[in-house]
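Have a look at the structure below before the remarks.
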Amino acid sequence: MLPEFDEMLTTLVAEPSVSSTTADIDRSNLRVVEHLANWLDGLGFATELMPLPDAPHKANLVATLPANSPGAGTDGGLVLAGHTDTVPFDENKWQTDPFTITEADNRLYGLGACDMKGFFPVALQAVSTFLKHKRSAPVTIVATSDEESSMAGARYLVESGKPRADYAIIGEPTGLMPVYAHKGIAFMSIRLQGASGHSSNPDLGCNALDSMYDVMGELIRFRQELAEANRNPAFEVQIPTMNLGCMHAGDSPNRICAHAELQIDLRLLPGMDTNDTLEALQQRLQQTVSRCGTQLEFNTHYPPVPPFESNLQGDLVQTLASHSGNAPGTVAFGTEGHFLQSLGMETVIFGPGSIDQAHQPNEYLAREQIAPATDILRQVIQRYCVA
């Protein structure tokens, strides 16, 4: 017997599953995927837990309800996918316990309620409708790890070559708007090493902060060139963006600054090659610092997330638009869309809740989104998987 929606969401939110590149914050997601696996086992799904090779305390879940119509194959069908991890949080800024679902004003408050543990009870309730139906194609539930940090879970799916299907919905909070494209994301650190010395004589050292001034000028010029050469009117912010986010440098005002680090966020449009862009940027920065005498170290925090774009006229995009009443659109935030698409599926980002509520204290899922989301998924399952 599948638990009620509120019970499932309460159970999932109660399990801390923060993912972070900072080791002392990072947590396992095993308890979350184990709950999902238990529920799906009870519905007759074939479940597979996939521990990440380099992090066995993290795992993906791939659970498939097979086709059961005479002559039906094992391939094709529909994937309903989401990530099980959350971002880090500041408990002092929450008005409620982040790990306890609290309802107020028809909103369900809790860490990950919107982004995006709330999608799984929606997907499970939708698919449970068809357990006794004749199914012409499989329905697969996918739950991944580490989407909020390295996307290691989605990358491992691609390495493993699973799941295989014709269509995939990733249930990120889009307010039930079908999202067919988003920008790529790369987080980078630019570290400069100079030489310290007494500040009374600049010739005694090599000032990394002075060199960083030149680097920042080059970054701004590069940003402007990208914006002039690339534009997509389908996006609210039509150009690629580069944010100079934070900088750390030096240790004392009376010492020549020996080291400086700048962290930046680069978001590229669909059609732009991430690797080529980063290589061009690194070459330009290397030329800049060579004139200053400092040493450059250029690192990505983790492999970049490529831009994603599905066919606007694709069958799944148009089906979701028709059932939701919302025109397809684009977003600036990143998802696992590229990775599922690379497995051969027409992929669309579509789910309950608003991204405006994600990644901040007092995150919530509006209850009014739950029933429409469940009903739309039922109609999509009916179209692609039921005889």
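To be explicit about the labels: the chains of the structure tokens are called A, B, and onward in the order shown, and within each one the residues are counted from 1, while ligands get numbers from 1 in the order they are shown.
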
At most 6 Å is the cut-off: for each residue in segment 334-369 of chain A with any atom that close to an atom of segment 165-182 of chain A, write down the nearest atom pair and the distance in Å rounded to one decimal, counting only C-alpha atoms, chain first then increasing number, as a Markdown table.
```
| residue | atom | partner | partner_atom | distance |
| --- | --- | --- | --- | --- |
| A:Met345 | CA | A:Asp166 | CA | 4.8 |
| A:Glu346 | CA | A:Tyr167 | CA | 4.8 |
| A:Thr347 | CA | A:Ala168 | CA | 4.7 |
| A:Val348 | CA | A:Ile169 | CA | 5.1 |
| A:Ile349 | CA | A:Ile170 | CA | 4.8 |
| A:Phe350 | CA | A:Gly171 | CA | 5.0 |
| A:Gly351 | CA | A:Gly171 | CA | 4.1 |
| A:Pro352 | CA | A:Pro173 | CA | 5.1 |
| A:Gly353 | CA | A:Pro173 | CA | 4.6 |
| A:Ser354 | CA | A:Pro173 | CA | 5.0 |
| A:Ile355 | CA | A:Pro173 | CA | 5.4 |
```

Closest contacts (segment 267-289 of chain A/segment 222-236 of chain A, max 9 Å, only C-alpha atoms) as JSON lines:
```
{"residue": "A:Leu268", "atom": "CA", "partner": "A:Leu226", "partner_atom": "CA", "distance": 9.0}
{"residue": "A:Leu269", "atom": "CA", "partner": "A:Asn232", "partner_atom": "CA", "distance": 7.3}
{"residue": "A:Pro270", "atom": "CA", "partner": "A:Asn232", "partner_atom": "CA", "distance": 8.5}
{"residue": "A:Met272", "atom": "CA", "partner": "A:Asn230", "partner_atom": "CA", "distance": 8.3}
{"residue": "A:Leu281", "atom": "CA", "partner": "A:Phe222", "partner_atom": "CA", "distance": 7.4}
{"residue": "A:Arg284", "atom": "CA", "partner": "A:Phe222", "partner_atom": "CA", "distance": 8.8}
```

Using C-alpha atoms, can you export the residues from the last selection as a PDB file, in the first residue's frame?
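selection01.pdb, written as the output of this step:
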```
ATOM      1  CA  LEU A 268      26.466  29.746 -21.497  1.00  0.00           C
ATOM      2  CA  LEU A 269      23.590  29.564 -23.962  1.00  0.00           C
ATOM      3  CA  PRO A 270      22.542  26.400 -25.819  1.00  0.00           C
ATOM      4  CA  MET A 272      27.849  27.336 -27.149  1.00  0.00           C
ATOM      5  CA  LEU A 281      39.339  32.017 -21.453  1.00  0.00           C
ATOM      6  CA  ARG A 284      43.689  34.751 -22.454  1.00  0.00           C
TER       7      ARG A 284
END
```

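In the backbone-derived DSSP annotation, alpha helix (DSSP H) within segment 80-183 of chain A comprises Phe119, Phe120, Pro121, Val122, Ala123, Leu124, Gln125, Ala126, Val127, Ser128, Ala152, Gly153, Ala154, Arg155, Tyr156, Leu157, Val158, Glu159 and Ser160 of chain A.
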
Residues just named, written with N, CA and C atoms as a PDB file, in the first residue's frame:
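Done, and the output landed in result20.pdb:
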```
ATOM      1  N   PHE A 119       8.615  16.151  -5.732  1.00  0.00           N
ATOM      2  CA  PHE A 119       8.237  15.555  -7.017  1.00  0.00           C
ATOM      3  C   PHE A 119       8.022  14.055  -6.897  1.00  0.00           C
ATOM      4  N   PHE A 120       8.766  13.391  -6.018  1.00  0.00           N
ATOM      5  CA  PHE A 120       8.684  11.928  -5.966  1.00  0.00           C
ATOM      6  C   PHE A 120       7.313  11.427  -5.514  1.00  0.00           C
ATOM      7  N   PRO A 121       6.712  11.979  -4.459  1.00  0.00           N
ATOM      8  CA  PRO A 121       5.339  11.529  -4.131  1.00  0.00           C
ATOM      9  C   PRO A 121       4.344  11.808  -5.246  1.00  0.00           C
ATOM     10  N   VAL A 122       4.532  12.905  -5.969  1.00  0.00           N
ATOM     11  CA  VAL A 122       3.670  13.185  -7.123  1.00  0.00           C
ATOM     12  C   VAL A 122       3.825  12.089  -8.170  1.00  0.00           C
ATOM     13  N   ALA A 123       5.077  11.753  -8.500  1.00  0.00           N
ATOM     14  CA  ALA A 123       5.327  10.741  -9.525  1.00  0.00           C
ATOM     15  C   ALA A 123       4.807   9.374  -9.095  1.00  0.00           C
ATOM     16  N   LEU A 124       5.008   9.014  -7.816  1.00  0.00           N
ATOM     17  CA  LEU A 124       4.561   7.705  -7.336  1.00  0.00           C
ATOM     18  C   LEU A 124       3.034   7.606  -7.330  1.00  0.00           C
ATOM     19  N   GLN A 125       2.370   8.681  -6.926  1.00  0.00           N
ATOM     20  CA  GLN A 125       0.908   8.648  -6.952  1.00  0.00           C
ATOM     21  C   GLN A 125       0.386   8.548  -8.378  1.00  0.00           C
ATOM     22  N   ALA A 126       1.036   9.245  -9.298  1.00  0.00           N
ATOM     23  CA  ALA A 126       0.592   9.205 -10.697  1.00  0.00           C
ATOM     24  C   ALA A 126       0.734   7.803 -11.276  1.00  0.00           C
ATOM     25  N   VAL A 127       1.887   7.189 -11.071  1.00  0.00           N
ATOM     26  CA  VAL A 127       2.131   5.894 -11.696  1.00  0.00           C
ATOM     27  C   VAL A 127       1.331   4.776 -11.023  1.00  0.00           C
ATOM     28  N   SER A 128       1.001   4.952  -9.738  1.00  0.00           N
ATOM     29  CA  SER A 128       0.249   3.904  -9.043  1.00  0.00           C
ATOM     30  C   SER A 128      -1.139   3.702  -9.646  1.00  0.00           C
ATOM     31  N   ALA A 152      27.289  14.273  -9.883  1.00  0.00           N
ATOM     32  CA  ALA A 152      27.959  12.980 -10.005  1.00  0.00           C
ATOM     33  C   ALA A 152      26.963  11.861 -10.278  1.00  0.00           C
ATOM     34  N   GLY A 153      25.760  11.949  -9.710  1.00  0.00           N
ATOM     35  CA  GLY A 153      24.770  10.903  -9.940  1.00  0.00           C
ATOM     36  C   GLY A 153      24.351  10.822 -11.395  1.00  0.00           C
ATOM     37  N   ALA A 154      24.033  11.960 -11.999  1.00  0.00           N
ATOM     38  CA  ALA A 154      23.625  11.971 -13.405  1.00  0.00           C
ATOM     39  C   ALA A 154      24.772  11.545 -14.314  1.00  0.00           C
ATOM     40  N   ARG A 155      25.984  11.950 -13.976  1.00  0.00           N
ATOM     41  CA  ARG A 155      27.138  11.541 -14.788  1.00  0.00           C
ATOM     42  C   ARG A 155      27.324  10.019 -14.727  1.00  0.00           C
ATOM     43  N   TYR A 156      27.058   9.436 -13.553  1.00  0.00           N
ATOM     44  CA  TYR A 156      27.194   7.977 -13.423  1.00  0.00           C
ATOM     45  C   TYR A 156      26.114   7.251 -14.216  1.00  0.00           C
ATOM     46  N   LEU A 157      24.923   7.827 -14.306  1.00  0.00           N
ATOM     47  CA  LEU A 157      23.898   7.233 -15.160  1.00  0.00           C
ATOM     48  C   LEU A 157      24.388   7.139 -16.599  1.00  0.00           C
ATOM     49  N   VAL A 158      24.998   8.213 -17.084  1.00  0.00           N
ATOM     50  CA  VAL A 158      25.492   8.215 -18.462  1.00  0.00           C
ATOM     51  C   VAL A 158      26.587   7.165 -18.630  1.00  0.00           C
ATOM     52  N   GLU A 159      27.500   7.081 -17.659  1.00  0.00           N
ATOM     53  CA  GLU A 159      28.556   6.066 -17.729  1.00  0.00           C
ATOM     54  C   GLU A 159      27.966   4.661 -17.764  1.00  0.00           C
ATOM     55  N   SER A 160      26.882   4.463 -17.029  1.00  0.00           N
ATOM     56  CA  SER A 160      26.266   3.140 -16.937  1.00  0.00           C
ATOM     57  C   SER A 160      25.340   2.840 -18.113  1.00  0.00           C
TER      58      SER A 160
END
```

Among segment 117-211 of chain A, which residues carry a DSSP assignment of strand (DSSP E or B), reported as a list in words? Arg135, Val139, Thr140, Ile141, Val142, Ala143, Thr144, Tyr167, Ala168, Ile169, Ile170, Val179, Tyr180, Ala181, His182, Gly184, Ile185, Ala186, Phe187, Met188, Ser189, Ile190, Arg191, Leu192, Gln193, Ala195, His198 and Cys206 of chain A

Using 8 Å as the limit and counting only C-alpha atoms, can you tabulate each residue of segment 132-249 of chain A that touches segment 290-293 of chain A, with its shortest atom-to-atom distance in Å and the two atoms involved, as a Markdown table?
```
| residue | atom | partner | partner_atom | distance |
| --- | --- | --- | --- | --- |
| A:Gly194 | CA | A:Gly293 | CA | 7.4 |
| A:Cys206 | CA | A:Gly293 | CA | 7.0 |
| A:Ser211 | CA | A:Cys292 | CA | 6.0 |
```

Print the selection's residues with N, CA and C atoms to a file, as a short mmCIF file (atom, residue, chain, number, x, y, z; two decimals), in the first residue's frame.
```cif
data_model
loop_
_atom_site.label_atom_id
_atom_site.label_comp_id
_atom_site.auth_asym_id
_atom_site.auth_seq_id
_atom_site.Cartn_x
_atom_site.Cartn_y
_atom_site.Cartn_z
N GLY A 194 51.92 35.32 -6.31
CA GLY A 194 52.99 36.29 -6.49
C GLY A 194 54.10 36.03 -5.48
N CYS A 206 56.05 40.54 -5.64
CA CYS A 206 55.21 40.56 -6.84
C CYS A 206 53.77 40.52 -6.36
N SER A 211 47.98 42.02 -10.01
CA SER A 211 47.80 41.17 -11.18
C SER A 211 46.33 40.78 -11.35
#
```

Excluding Gln263 of chain A and its own-chain neighbours fewer than 3 positions away, which residues fall within 7 Å of it when counting only C-alpha atoms? Please give them as a list of chain:residue names. A:Met188, A:Ser189, A:Ile190, A:Leu244, A:Gly245, A:Cys246, A:Met247

Closest to Leu61 of chain A among A:Ala23, A:Cys114, A:Ala143, A:Ala371, using only C-alpha atoms?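 Ranked by minimum distance to Leu61 of chain A, first place goes to A:Ala143.
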
Can you tell me, as a VMD selection string, what residues are no more than 9 Å from Leu285 of chain A when counting only C-alpha atoms, ignoring any on the same chain fewer than 3 positions away? chain A and resid 215 218 to 219 280 to 282 288 to 290 296 298

Nearby residues (only C-alpha atoms) at most 6 Å from Tyr364 of chain A, same-chain spacing under 4 positions excluded, as a PyMOL selection string: chain A and resi 108-109+113-114

Between A:Leu30, A:Leu80, A:Ala249, A:Ala358, which is the closest to Ser145 of chain A once you count only C-alpha atoms? A:Leu30

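Nearest residue to Leu36 of chain A, choosing from A:Thr11, A:Ser17, A:Thr241, A:Ser200 and counting only C-alpha atoms: A:Thr11.
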
Applying 12 Å and only C-alpha atoms, which residues near Gly110 of chain A remain after dropping the ones on its own chain fewer than 6 positions away? List them as an MDAnalysis selection string. chainID A and resid 6 9:16 86 89 91 94:104 116:118 357:366

If we count only C-alpha atoms, what is near Val87 of chain A at a cut-off of 7 Å, once residues fewer than 4 positions away on the same chain are taken out, given as a PyMOL selection string? chain A and resi 18-19+148+359

Serialized selection, C-alpha atoms, as a short mmCIF file (atom, residue, chain, number, x, y, z; two decimals), in the first residue's frame:
```cif
data_model
loop_
_atom_site.label_atom_id
_atom_site.label_comp_id
_atom_site.auth_asym_id
_atom_site.auth_seq_id
_atom_site.Cartn_x
_atom_site.Cartn_y
_atom_site.Cartn_z
CA VAL A 18 22.73 17.82 1.75
CA SER A 19 25.30 17.58 -1.04
CA GLU A 148 23.19 20.34 -6.18
CA HIS A 359 17.81 27.42 -2.11
#
```

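Distances here use only C-alpha atoms; by that measure, the residue among A:Ile256, A:Ala321, A:Ile264, A:Glu309 closest to Asn243 of chain A is A:Ile264.
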
Determine, for each residue of segment 294-350 of chain A having at least one atom at most 12 Å from an atom of segment 378-386 of chain A, the closest pair of atoms and their separation in Å to one decimal, counting only C-alpha atoms; order by chain and ascending number, as a tab-separated table.
```
residue	atom	partner	partner_atom	distance
A:Asp315	CA	A:Tyr384	CA	10.4
A:Leu316	CA	A:Val380	CA	8.3
A:Val317	CA	A:Val380	CA	10.8
A:Gln318	CA	A:Val380	CA	11.0
A:Thr319	CA	A:Val380	CA	7.4
A:Leu320	CA	A:Val380	CA	7.6
A:Ala321	CA	A:Val380	CA	11.1
A:Ser322	CA	A:Val380	CA	10.6
A:His323	CA	A:Gln379	CA	7.7
A:Ser324	CA	A:Gln379	CA	10.4
A:Phe350	CA	A:Val380	CA	11.8
```
